[in-house]
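Asker: Pasting query.csv below, which is CSV, C-alpha atoms.
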```csv
chain,number,residue,atom,x,y,z
L,264,MET,CA,3.2,151.1,-134.1
L,265,SER,CA,6.5,149.3,-134.8
L,266,GLU,CA,6.6,145.6,-135.5
L,267,ALA,CA,8.5,144.9,-132.2
L,268,ALA,CA,5.8,146.8,-130.2
L,269,GLY,CA,3.1,144.8,-131.9
L,270,LEU,CA,4.8,141.6,-131.0
L,271,ARG,CA,5.0,142.6,-127.4
L,272,GLN,CA,1.3,143.5,-127.3
L,273,ARG,CA,0.4,140.1,-128.8
L,274,ARG,CA,2.5,138.1,-126.3
L,275,PRO,CA,0.2,136.1,-124.1
L,276,PRO,CA,0.2,136.9,-120.4
L,277,ARG,CA,2.3,134.7,-118.1
L,278,PRO,CA,0.3,132.4,-116.0
L,279,PRO,CA,0.4,133.2,-112.3
L,280,VAL,CA,3.0,131.4,-110.3
L,281,VAL,CA,1.5,129.4,-107.4
L,282,THR,CA,3.8,129.1,-104.4
L,283,ASP,CA,3.5,126.9,-101.4
L,284,ASP,CA,4.8,128.5,-98.3
L,285,SER,CA,4.4,125.4,-96.3
L,286,GLN,CA,7.6,123.7,-95.0
L,287,THR,CA,8.9,120.3,-95.9
L,288,PRO,CA,7.5,117.8,-93.4
L,289,GLU,CA,10.0,117.2,-90.6
L,290,ALA,CA,10.5,114.2,-88.4
L,291,PRO,CA,9.5,114.6,-84.8
L,292,ASP,CA,13.1,115.2,-83.9
L,293,GLY,CA,13.3,118.1,-86.3
L,294,SER,CA,15.4,116.4,-89.0
L,295,SER,CA,14.6,116.3,-92.6
L,296,PHE,CA,13.9,113.1,-94.6
L,297,SER,CA,17.1,113.6,-96.7
L,298,GLY,CA,19.1,114.2,-93.5
L,299,ARG,CA,17.9,110.9,-92.0
L,300,VAL,CA,18.7,109.0,-95.2
L,301,PHE,CA,22.3,110.4,-95.1
L,302,ARG,CA,22.8,109.5,-91.5
L,303,VAL,CA,21.4,106.0,-92.0
L,304,THR,CA,23.6,105.5,-95.1
L,305,PHE,CA,26.7,106.8,-93.3
L,306,LEU,CA,26.0,104.5,-90.3
L,307,MET,CA,25.6,101.5,-92.6
L,308,LEU,CA,28.9,102.2,-94.3
L,309,ALA,CA,30.6,102.7,-91.0
L,310,VAL,CA,29.3,99.4,-89.7
L,311,SER,CA,30.3,97.6,-93.0
L,312,PHE,CA,33.9,98.8,-92.5
L,313,THR,CA,34.1,98.6,-88.7
L,314,VAL,CA,32.7,95.0,-88.2
L,315,PRO,CA,35.2,93.3,-90.6
L,316,LEU,CA,38.0,95.5,-89.1
L,317,LEU,CA,37.1,94.5,-85.6
L,318,GLY,CA,36.8,90.9,-86.7
L,319,ALA,CA,40.2,90.9,-88.3
L,320,MET,CA,41.7,92.5,-85.2
L,321,MET,CA,40.2,89.8,-83.0
L,322,LEU,CA,40.7,86.7,-85.2
L,323,LEU,CA,43.9,87.4,-87.0
L,324,ASP,CA,47.2,86.6,-85.4
L,325,SER,CA,49.9,89.2,-85.2
L,326,PRO,CA,53.3,88.1,-86.5
L,327,ILE,CA,55.0,90.0,-83.6
L,328,ASP,CA,54.7,90.0,-79.8
L,329,PRO,CA,56.2,93.4,-78.9
L,330,GLN,CA,57.1,94.5,-75.4
L,331,PRO,CA,56.9,98.2,-74.3
L,332,LEU,CA,60.1,100.2,-74.5
L,333,SER,CA,60.9,103.5,-73.1
L,334,PHE,CA,63.0,106.2,-74.9
L,335,LYS,CA,64.3,109.5,-73.8
L,336,GLU,CA,63.0,112.5,-75.7
L,337,PRO,CA,65.1,112.7,-79.0
L,338,PRO,CA,67.8,115.3,-79.1
L,339,LEU,CA,66.7,118.7,-80.5
L,340,LEU,CA,67.8,119.2,-84.1
L,341,HIS,CA,69.7,122.4,-83.2
L,342,GLY,CA,73.3,123.4,-83.3
L,343,VAL,CA,75.4,120.6,-84.9
L,344,LEU,CA,72.2,118.7,-85.7
L,345,GLN,CA,70.5,121.7,-87.3
L,346,PRO,CA,68.7,120.4,-90.5
L,347,ASN,CA,70.4,121.4,-93.7
L,348,THR,CA,70.4,120.3,-97.4
L,349,LYS,CA,74.1,119.3,-97.7
L,350,LEU,CA,73.3,115.8,-98.8
L,351,ARG,CA,71.6,117.2,-101.9
L,352,GLN,CA,75.0,118.2,-103.2
L,353,ALA,CA,75.7,114.5,-103.7
L,354,GLU,CA,75.6,112.9,-107.1
L,355,ARG,CA,74.0,109.6,-107.9
L,356,LEU,CA,76.4,107.0,-109.4
L,357,PHE,CA,75.3,104.0,-111.5
L,358,GLU,CA,71.6,104.8,-111.1
L,359,ASN,CA,69.3,101.9,-111.9
L,360,GLN,CA,72.4,99.7,-112.4
L,361,LEU,CA,72.7,98.6,-108.8
L,362,ILE,CA,70.1,97.1,-106.4
L,363,GLY,CA,70.4,98.1,-102.8
L,364,PRO,CA,74.2,98.6,-102.4
L,365,GLU,CA,74.3,98.6,-98.6
L,366,SER,CA,78.0,98.5,-97.8
L,367,ILE,CA,81.0,99.9,-99.7
L,368,THR,CA,84.7,99.4,-99.6
L,369,ASN,CA,87.7,100.3,-101.8
L,370,ILE,CA,91.0,98.8,-102.9
L,371,GLY,CA,92.7,101.9,-104.3
L,372,ASP,CA,90.3,103.4,-106.8
L,373,VAL,CA,88.4,100.2,-107.3
L,374,MET,CA,85.1,100.0,-105.4
L,375,PHE,CA,83.3,97.0,-104.2
L,376,THR,CA,79.8,96.5,-102.9
L,377,GLY,CA,77.1,93.8,-102.3
L,378,THR,CA,73.7,94.1,-103.8
L,379,ALA,CA,70.1,92.9,-103.0
L,380,ASP,CA,70.2,90.4,-105.9
L,381,GLY,CA,73.0,88.5,-104.1
L,382,ARG,CA,76.0,89.7,-106.0
L,383,ILE,CA,79.4,91.1,-105.0
L,384,ILE,CA,80.2,93.9,-107.4
L,385,LYS,CA,83.5,95.4,-108.6
L,386,ILE,CA,83.3,98.9,-110.0
L,387,GLU,CA,86.4,100.0,-111.9
L,388,ASN,CA,86.8,102.8,-114.4
L,389,GLY,CA,83.0,103.2,-114.5
L,390,GLU,CA,82.5,99.5,-115.4
L,391,ILE,CA,80.4,97.2,-113.2
L,392,GLU,CA,81.4,93.6,-113.0
L,393,THR,CA,80.0,90.7,-110.9
L,394,ILE,CA,82.9,88.8,-109.1
L,395,ALA,CA,81.0,86.5,-106.8
L,396,ARG,CA,77.6,85.1,-105.7
L,397,PHE,CA,77.0,83.1,-102.5
L,398,GLY,CA,73.6,81.8,-103.5
L,399,SER,CA,71.5,80.9,-106.6
L,400,GLY,CA,68.7,82.6,-108.4
L,401,PRO,CA,66.1,83.8,-109.0
L,402,CYS,CA,66.8,86.9,-107.0
L,403,LYS,CA,63.8,89.1,-107.7
L,404,THR,CA,61.8,89.4,-104.4
L,405,ARG,CA,62.4,89.5,-100.7
L,406,ASP,CA,61.2,85.9,-100.5
L,407,ASP,CA,64.1,84.8,-102.8
L,408,GLU,CA,66.7,86.2,-100.3
L,409,PRO,CA,67.3,83.0,-98.3
L,410,THR,CA,68.4,81.0,-101.4
L,411,CYS,CA,69.8,84.0,-103.3
L,412,GLY,CA,71.8,85.4,-100.4
L,413,ARG,CA,72.1,89.0,-99.3
L,414,PRO,CA,75.6,90.4,-98.9
L,415,LEU,CA,75.6,93.2,-96.3
L,416,GLY,CA,78.9,94.3,-94.5
L,417,ILE,CA,82.0,94.2,-96.7
L,418,ARG,CA,85.6,95.0,-95.7
L,419,VAL,CA,89.1,94.7,-97.1
L,420,GLY,CA,91.5,92.3,-95.3
L,421,PRO,CA,95.3,92.7,-94.9
L,422,ASN,CA,96.0,90.5,-98.0
L,423,GLY,CA,93.8,92.5,-100.4
L,424,THR,CA,90.9,90.0,-100.1
L,425,LEU,CA,87.3,90.9,-99.3
L,426,PHE,CA,85.5,89.8,-96.1
L,427,VAL,CA,81.8,89.7,-96.5
L,428,ALA,CA,78.9,89.1,-94.2
L,429,ASP,CA,75.9,87.6,-96.0
L,430,ALA,CA,72.6,87.8,-94.0
L,431,TYR,CA,71.6,84.2,-94.8
L,432,LYS,CA,74.8,82.4,-95.7
L,433,GLY,CA,77.4,83.5,-93.1
L,434,LEU,CA,81.0,84.9,-93.4
L,435,PHE,CA,83.0,84.7,-96.6
L,436,GLU,CA,86.4,85.6,-98.0
L,437,VAL,CA,86.5,86.6,-101.6
L,438,ASN,CA,89.6,87.1,-103.8
L,439,PRO,CA,88.5,90.0,-106.1
L,440,TRP,CA,91.1,89.2,-108.7
L,441,THR,CA,90.9,85.4,-108.9
L,442,ARG,CA,87.2,85.4,-107.9
L,443,GLU,CA,87.9,82.5,-105.5
L,444,VAL,CA,85.2,82.3,-102.8
L,445,LYS,CA,85.9,80.8,-99.4
L,446,LEU,CA,83.2,80.1,-96.8
L,447,LEU,CA,84.6,81.0,-93.3
L,448,LEU,CA,81.6,80.4,-91.1
L,449,SER,CA,78.2,79.0,-92.2
L,450,SER,CA,75.0,80.4,-90.8
L,451,ASP,CA,73.8,76.8,-90.4
L,452,ILE,CA,76.2,76.3,-87.6
L,453,PRO,CA,74.6,77.1,-84.2
L,454,ILE,CA,76.7,79.3,-81.9
L,455,GLU,CA,76.3,78.4,-78.2
L,456,GLY,CA,73.1,76.6,-79.0
L,457,ARG,CA,71.5,79.3,-81.2
L,458,LYS,CA,71.3,79.7,-84.9
L,459,MET,CA,72.4,82.8,-86.7
L,460,SER,CA,69.4,84.0,-88.7
L,461,PHE,CA,70.6,87.5,-89.6
L,462,VAL,CA,74.4,88.0,-90.1
L,463,ASN,CA,74.8,91.7,-90.6
L,464,ASP,CA,78.0,93.6,-90.5
L,465,LEU,CA,81.7,92.9,-89.7
L,466,THR,CA,85.0,94.5,-88.9
L,467,ILE,CA,88.4,92.9,-89.1
L,468,THR,CA,91.7,93.5,-87.3
L,469,ARG,CA,94.7,94.8,-89.3
L,470,ASP,CA,96.5,91.4,-89.0
L,471,GLY,CA,93.3,89.6,-90.2
L,472,LYS,CA,93.2,87.3,-87.2
L,473,LYS,CA,90.0,88.4,-85.7
L,474,ILE,CA,86.6,89.2,-87.3
L,475,TYR,CA,84.0,90.9,-85.1
L,476,PHE,CA,80.5,90.6,-86.5
L,477,THR,CA,76.8,91.0,-85.6
L,478,ASP,CA,74.0,88.5,-85.8
L,479,SER,CA,71.0,90.7,-85.6
L,480,SER,CA,68.6,88.1,-84.5
L,481,SER,CA,68.2,84.4,-83.9
L,482,LYS,CA,64.4,84.6,-84.7
L,483,TRP,CA,64.1,87.1,-87.6
L,484,GLN,CA,65.7,87.0,-91.0
L,485,ARG,CA,66.8,90.1,-92.9
L,486,ARG,CA,63.7,90.1,-95.1
L,487,ASP,CA,61.7,90.6,-91.9
L,488,PHE,CA,63.9,93.4,-90.4
L,489,LEU,CA,60.9,95.6,-89.9
L,490,LEU,CA,59.3,93.0,-87.7
L,491,LEU,CA,62.5,92.7,-85.8
L,492,ILE,CA,62.5,96.5,-85.1
L,493,MET,CA,58.8,96.6,-84.2
L,494,GLU,CA,58.9,93.6,-81.9
L,495,ALA,CA,62.1,94.9,-80.3
L,496,THR,CA,63.4,91.4,-80.0
L,497,ASP,CA,66.5,91.3,-77.7
L,498,ASP,CA,68.2,88.1,-79.2
L,499,GLY,CA,70.9,89.8,-81.2
L,500,ARG,CA,74.6,89.2,-80.6
L,501,LEU,CA,78.1,90.6,-81.2
L,502,LEU,CA,80.5,87.7,-82.0
L,503,GLU,CA,84.2,87.2,-82.5
L,504,TYR,CA,85.6,84.8,-85.2
L,505,ASP,CA,89.2,83.7,-85.0
L,506,THR,CA,90.4,83.1,-88.6
L,507,GLU,CA,93.3,80.8,-87.4
L,508,THR,CA,91.5,78.6,-84.9
L,509,LYS,CA,88.1,78.9,-86.5
L,510,GLU,CA,86.6,79.4,-83.0
L,511,VAL,CA,83.6,81.6,-82.4
L,512,LYS,CA,82.8,83.5,-79.2
L,513,VAL,CA,79.8,85.5,-78.1
L,514,LEU,CA,81.1,88.9,-76.8
L,515,LEU,CA,77.7,90.5,-76.1
L,516,ASP,CA,74.2,89.1,-76.0
L,517,HIS,CA,70.6,90.3,-75.6
L,518,LEU,CA,71.0,93.2,-78.0
L,519,ARG,CA,68.0,94.7,-79.8
L,520,PHE,CA,68.9,94.6,-83.5
L,521,PRO,CA,72.7,94.9,-83.4
L,522,ASN,CA,73.7,96.3,-86.7
L,523,GLY,CA,76.9,98.1,-87.8
L,524,VAL,CA,80.3,97.4,-86.2
L,525,GLN,CA,83.6,99.2,-86.2
L,526,LEU,CA,87.0,98.6,-84.5
L,527,SER,CA,88.7,101.6,-82.9
L,528,PRO,CA,91.9,102.8,-84.5
L,529,GLU,CA,93.9,101.3,-81.6
L,530,GLU,CA,91.8,98.1,-81.9
L,531,ASP,CA,91.1,98.1,-78.2
L,532,PHE,CA,87.3,98.3,-78.5
L,533,VAL,CA,84.5,97.5,-81.0
L,534,LEU,CA,81.5,99.8,-81.5
L,535,VAL,CA,78.2,98.1,-82.2
L,536,ALA,CA,75.1,100.0,-83.3
L,537,GLU,CA,72.0,98.9,-81.5
L,538,THR,CA,69.4,100.1,-84.0
L,539,THR,CA,66.2,99.6,-82.1
L,540,MET,CA,67.5,101.5,-79.1
L,541,ALA,CA,69.0,104.4,-81.1
L,542,ARG,CA,72.4,104.0,-79.5
L,543,ILE,CA,75.9,102.6,-79.9
L,544,ARG,CA,77.5,100.2,-77.5
L,545,ARG,CA,81.3,99.9,-76.9
L,546,VAL,CA,82.8,96.5,-76.1
L,547,TYR,CA,86.5,96.4,-75.0
L,548,VAL,CA,88.4,93.6,-76.7
L,549,SER,CA,91.9,94.2,-75.5
L,550,GLY,CA,93.9,95.9,-72.7
L,551,LEU,CA,93.1,96.2,-69.0
L,552,THR,CA,89.4,96.8,-69.7
L,553,LYS,CA,89.0,93.7,-72.0
L,554,GLY,CA,85.5,92.3,-71.6
L,555,GLY,CA,84.0,95.6,-70.3
L,556,VAL,CA,80.9,97.1,-72.0
L,557,ASP,CA,79.6,100.7,-71.8
L,558,LEU,CA,77.6,103.1,-73.9
L,559,PHE,CA,79.6,105.0,-76.5
L,560,VAL,CA,76.6,107.3,-77.4
L,561,GLU,CA,72.9,107.1,-76.6
L,562,ASN,CA,69.7,108.9,-77.7
L,563,LEU,CA,70.9,109.4,-81.2
L,564,PRO,CA,68.8,111.6,-83.6
L,565,GLY,CA,68.0,108.6,-85.7
L,566,PHE,CA,68.2,104.8,-85.7
L,567,PRO,CA,71.8,103.8,-86.6
L,568,ASP,CA,72.9,101.4,-89.3
L,569,ASN,CA,76.5,100.9,-90.3
L,570,ILE,CA,79.5,102.6,-88.6
L,571,ARG,CA,82.7,103.5,-90.5
L,572,PRO,CA,85.8,105.5,-89.7
L,573,SER,CA,86.2,109.2,-90.6
L,574,SER,CA,89.4,110.9,-91.6
L,575,SER,CA,89.2,113.1,-88.5
L,576,GLY,CA,89.6,110.1,-86.2
L,577,GLY,CA,85.9,109.8,-85.4
L,578,TYR,CA,83.1,107.8,-87.0
L,579,TRP,CA,80.5,108.1,-89.7
L,580,VAL,CA,77.1,106.7,-88.8
L,581,GLY,CA,74.4,106.2,-91.4
L,582,MET,CA,70.9,106.7,-90.0
L,583,SER,CA,68.2,104.4,-91.4
L,584,THR,CA,65.5,106.8,-90.3
L,585,ILE,CA,65.3,110.0,-88.2
L,586,ARG,CA,63.8,110.7,-84.8
L,587,ALA,CA,62.5,114.2,-85.5
L,588,ASN,CA,62.5,116.8,-82.6
L,589,PRO,CA,60.7,119.0,-83.1
L,590,GLY,CA,58.5,116.8,-85.1
L,591,PHE,CA,57.0,113.3,-84.9
L,592,SER,CA,58.9,110.0,-84.6
L,593,MET,CA,56.6,107.1,-85.4
L,594,LEU,CA,58.9,104.5,-83.8
L,595,ASP,CA,59.2,106.6,-80.6
L,596,PHE,CA,55.5,106.9,-80.5
L,597,LEU,CA,54.9,103.2,-81.0
L,598,SER,CA,57.6,102.1,-78.5
L,599,GLU,CA,55.3,102.4,-75.5
L,600,ARG,CA,52.2,101.2,-77.4
L,601,PRO,CA,52.7,97.5,-78.3
L,602,TYR,CA,49.0,97.0,-78.9
L,603,ILE,CA,49.1,99.4,-81.8
L,604,LYS,CA,52.1,97.6,-83.2
L,605,ARG,CA,50.2,94.3,-83.1
L,606,MET,CA,47.2,95.9,-84.8
L,607,ILE,CA,49.3,97.4,-87.6
L,608,PHE,CA,50.9,94.1,-88.5
L,609,LYS,CA,47.6,92.3,-88.4
L,610,LEU,CA,46.2,94.6,-91.0
L,611,PHE,CA,49.2,95.6,-93.2
L,612,SER,CA,52.3,94.0,-94.8
L,613,GLN,CA,55.8,95.2,-94.2
L,614,GLU,CA,55.9,96.7,-97.6
L,615,THR,CA,52.8,98.8,-96.9
L,616,VAL,CA,54.2,100.0,-93.5
L,617,MET,CA,57.5,101.0,-95.1
L,618,LYS,CA,55.7,103.5,-97.3
L,619,PHE,CA,55.0,105.5,-94.2
L,620,VAL,CA,58.6,105.6,-93.1
L,621,PRO,CA,60.0,109.2,-93.7
L,622,ARG,CA,62.4,109.5,-96.6
L,623,TYR,CA,64.5,111.9,-94.4
L,624,SER,CA,68.2,111.1,-94.9
L,625,LEU,CA,70.9,111.7,-92.3
L,626,ALA,CA,74.6,110.9,-92.0
L,627,LEU,CA,76.1,111.8,-88.7
L,628,GLU,CA,79.8,112.2,-87.9
L,629,LEU,CA,80.8,111.4,-84.3
L,630,SER,CA,84.1,112.4,-82.6
L,631,SER,CA,86.4,109.8,-81.2
L,632,SER,CA,84.6,110.2,-77.9
L,633,GLY,CA,81.1,109.9,-79.3
L,634,ALA,CA,80.2,113.6,-79.4
L,635,PHE,CA,78.1,114.9,-82.3
L,636,LYS,CA,80.6,116.5,-84.7
L,637,ARG,CA,78.6,117.3,-87.8
L,638,SER,CA,75.4,116.2,-89.6
L,639,LEU,CA,74.5,116.0,-93.2
L,640,HIS,CA,70.8,116.1,-94.1
L,641,ASP,CA,68.5,115.6,-97.0
L,642,PRO,CA,65.1,116.3,-95.4
L,643,ASP,CA,63.0,115.1,-98.3
L,644,GLY,CA,65.3,112.3,-99.5
L,645,GLN,CA,65.5,114.0,-102.9
L,646,VAL,CA,69.0,112.7,-103.6
L,647,ALA,CA,70.0,110.2,-100.9
L,648,THR,CA,67.4,107.9,-99.4
L,649,TYR,CA,67.5,105.4,-96.4
L,650,ILE,CA,71.2,105.7,-95.8
L,651,SER,CA,72.7,102.5,-94.6
L,652,GLU,CA,76.4,103.5,-94.6
L,653,ALA,CA,78.6,106.5,-95.1
L,654,HIS,CA,82.0,105.4,-96.4
L,655,GLU,CA,84.8,108.0,-96.6
L,656,HIS,CA,87.4,107.6,-99.3
L,657,ASP,CA,89.8,110.0,-101.0
L,658,GLY,CA,88.0,113.2,-99.9
L,659,HIS,CA,84.5,111.9,-100.8
L,660,LEU,CA,81.7,110.4,-98.8
L,661,TYR,CA,80.1,107.4,-100.5
L,662,LEU,CA,76.5,106.7,-99.3
L,663,GLY,CA,75.1,103.1,-99.5
L,664,SER,CA,71.5,102.3,-99.1
L,665,PHE,CA,69.7,99.0,-98.8
L,666,ARG,CA,66.7,100.3,-100.8
L,667,SER,CA,68.2,102.6,-103.4
L,668,PRO,CA,69.2,101.7,-107.0
L,669,PHE,CA,72.4,103.8,-106.8
L,670,ILE,CA,75.4,104.9,-104.8
L,671,CYS,CA,75.7,108.6,-103.8
L,672,ARG,CA,79.0,110.4,-103.8
L,673,LEU,CA,79.6,113.7,-101.9
L,674,SER,CA,82.7,115.8,-102.0
L,675,LEU,CA,83.6,116.6,-98.4
L,676,GLN,CA,85.7,119.6,-99.5
L,677,SER,CA,82.6,121.3,-100.8
L,678,LEU,CA,80.9,121.3,-97.5
```
Starting from the file, give its structure as structure tokens.

Answerer:
Amino acid sequence: MSEAAGLRQRRPPRPPVVTDDSQTPEAPDGSSFSGRVFRVTFLMLAVSFTVPLLGAMMLLDSPIDPQPLSFKEPPLLHGVLQPNTKLRQAERLFENQLIGPESITNIGDVMFTGTADGRIIKIENGEIETIARFGSGPCKTRDDEPTCGRPLGIRVGPNGTLFVADAYKGLFEVNPWTREVKLLLSSDIPIEGRKMSFVNDLTITRDGKKIYFTDSSSKWQRRDFLLLIMEATDDGRLLEYDTETKEVKVLLDHLRFPNGVQLSPEEDFVLVAETTMARIRRVYVSGLTKGGVDLFVENLPGFPDNIRPSSSGGYWVGMSTIRANPGFSMLDFLSERPYIKRMIFKLFSQETVMKFVPRYSLALELSSSGAFKRSLHDPDGQVATYISEAHEHDGHLYLGSFRSPFICRLSLQSL
């Protein structure tokens, strides 16, 4: 017998395995003990979250008092509006050297913009230089904006000076060469009994005598622009400032977030973007129809920001966010559900809500009659994000953004 065989023979027998075929005791309703523990635990957790949530919803005040709005179904993103990736061909300029360059203008090859830290910037030969400030620091957070200032719309006047709309300070004229700053109209001055809380964009006649500008709200400041959109407050205005007489007139009232403005080439009307309503109004300022108002274009595929002229005789419109169709538009969905808006802002800050805004970027070119002419997209916001303005200069489209740390440049000839 081999040694291995002997070991097998000497191995003690295994003890018999005793099994119990009886079932785990069940509760009268047929559930197991572990199942009941799980359900009780889940119920306790749900209650621990739900009770404070309901308490917050009942006890906390909402910062907004929205009213229901009704929108048409957004236009289908087909044909001219067909999604594409043309904006991804843009290059980022001065990345991380600028903070929120919303509006852009040029004097020759010299570029100017205003930034979120309250500066007016000159960019020449790749060099960035601060030429003006309207407020004082620190300028690090949104709560600093009222003292720091926030330059938004910027234009070149007939004498080579810059005209700037500061959200908190008012209208200014800046000599970019001598750096002289002149306050034209202070936001502290009430216009027809109402203060200007959110001076936004401006456009100026070729002779420099008239400035047309928007005050987006008498209630909300720029730092609370999301509350203005969500509440759909209708206290915005389009105004006219006479640079010679210093008089100010209200041309159009009861607008819901009036934003970008643009004079027509013949200077017979002014276009004003009504952001909350996804449309552009037209106000006649000269000729036989002076004082008349109509819709230039409605039911846009996004919520419009600034309007600037295109070389084709039409207009470029930057879309702050898109109204996807097919797809889901959060603002369209919430427009008829003010109770959800109230709940959202009881529980979350503006910064948190902004994280859920799609990064989809869209610049739209309109014809001189307001028809959709072409659209430039970046569906994921990989290059351009939150477009505030599309400014055409020397065969390129420069894209400003109130949130991005750069300017984008896109060659129109490559499209």

Asker: Please determine, counting only C-alpha atoms, which residue among L:Leu518, L:Leu490, L:Val462, L:Ala495 has the shortest atom-to-atom distance to Ser598 in chain L.

Answerer: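 The closest residue to Ser598 in chain L is L:Ala495.
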
Asker: Using only C-alpha atoms, can you list as a ChimeraX atom specification the residues within 10 Å of (86.3, 93.9, -85.5)?

Answerer: /L:464-469,471-477,501-504,524-527,530-535,548

Asker: Of the candidates L:Gly565, L:Gly420, L:Pro528, L:Gly633, which shows the shortest atom-to-atom distance to Arg544 in chain L, using all atoms listed in the file?

Answerer: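 So, comparing all the options, the nearest one is L:Gly633.
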
Asker: Between L:Tyr602, L:Met493, L:Leu344, L:Gln352, which has the minimum distance to Ser674 in chain L (counting all atoms listed in the file)?

Answerer: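 Using all atoms listed in the file, the shortest distance to Ser674 in chain L belongs to L:Gln352.
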
Asker: One decimal, Å: what's the distance from CA of Asn388 in chain L over to CA of Pro401 in chain L, could you say?

Answerer: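 Computed distance, CA of Asn388 in chain L to CA of Pro401 in chain L, equals 28.6 Å.
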
Asker: What does the distance between CA of Val419 in chain L and CA of Thr441 in chain L come to in Å, to one decimal place?

Answerer: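 Atom-to-atom, CA of Val419 in chain L and CA of Thr441 in chain L are spaced 15.1 Å apart.
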
Asker: May I ask which of the residues L:Asp505, L:Thr368, L:Leu489, L:Val560 is the closest one to Pro572 in chain L, counting only C-alpha atoms?

Answerer: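 Of all the options, L:Thr368 lies closest to Pro572 in chain L.
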
Asker: Could you pull out every residue with an atom within 12 Å of (73.6, 92.4, -88.0), file coordinates, counting only C-alpha atoms, and send them as JSON, numbers by chain?

Answerer: {"L": [413, 414, 415, 416, 428, 429, 430, 431, 433, 434, 459, 460, 461, 462, 463, 464, 465, 466, 475, 476, 477, 478, 479, 480, 481, 483, 484, 485, 488, 491, 498, 499, 500, 501, 502, 518, 519, 520, 521, 522, 523, 524, 535, 536, 537, 538, 539, 567, 568, 569, 570]}

Asker: Which residue out of L:Leu625, L:Leu678, L:Ile603, L:Leu425 has the minimum interatomic distance to Gln345 in chain L when only C-alpha atoms are used?

Answerer: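 So, comparing all the options, the nearest one is L:Leu625.
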
Asker: Expressed in Å to a single decimal, how great is the separation between CA of Ile386 in chain L and CA of Gln360 in chain L?

Answerer: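 Pair CA of Ile386 in chain L / CA of Gln360 in chain L returns 11.2 Å.
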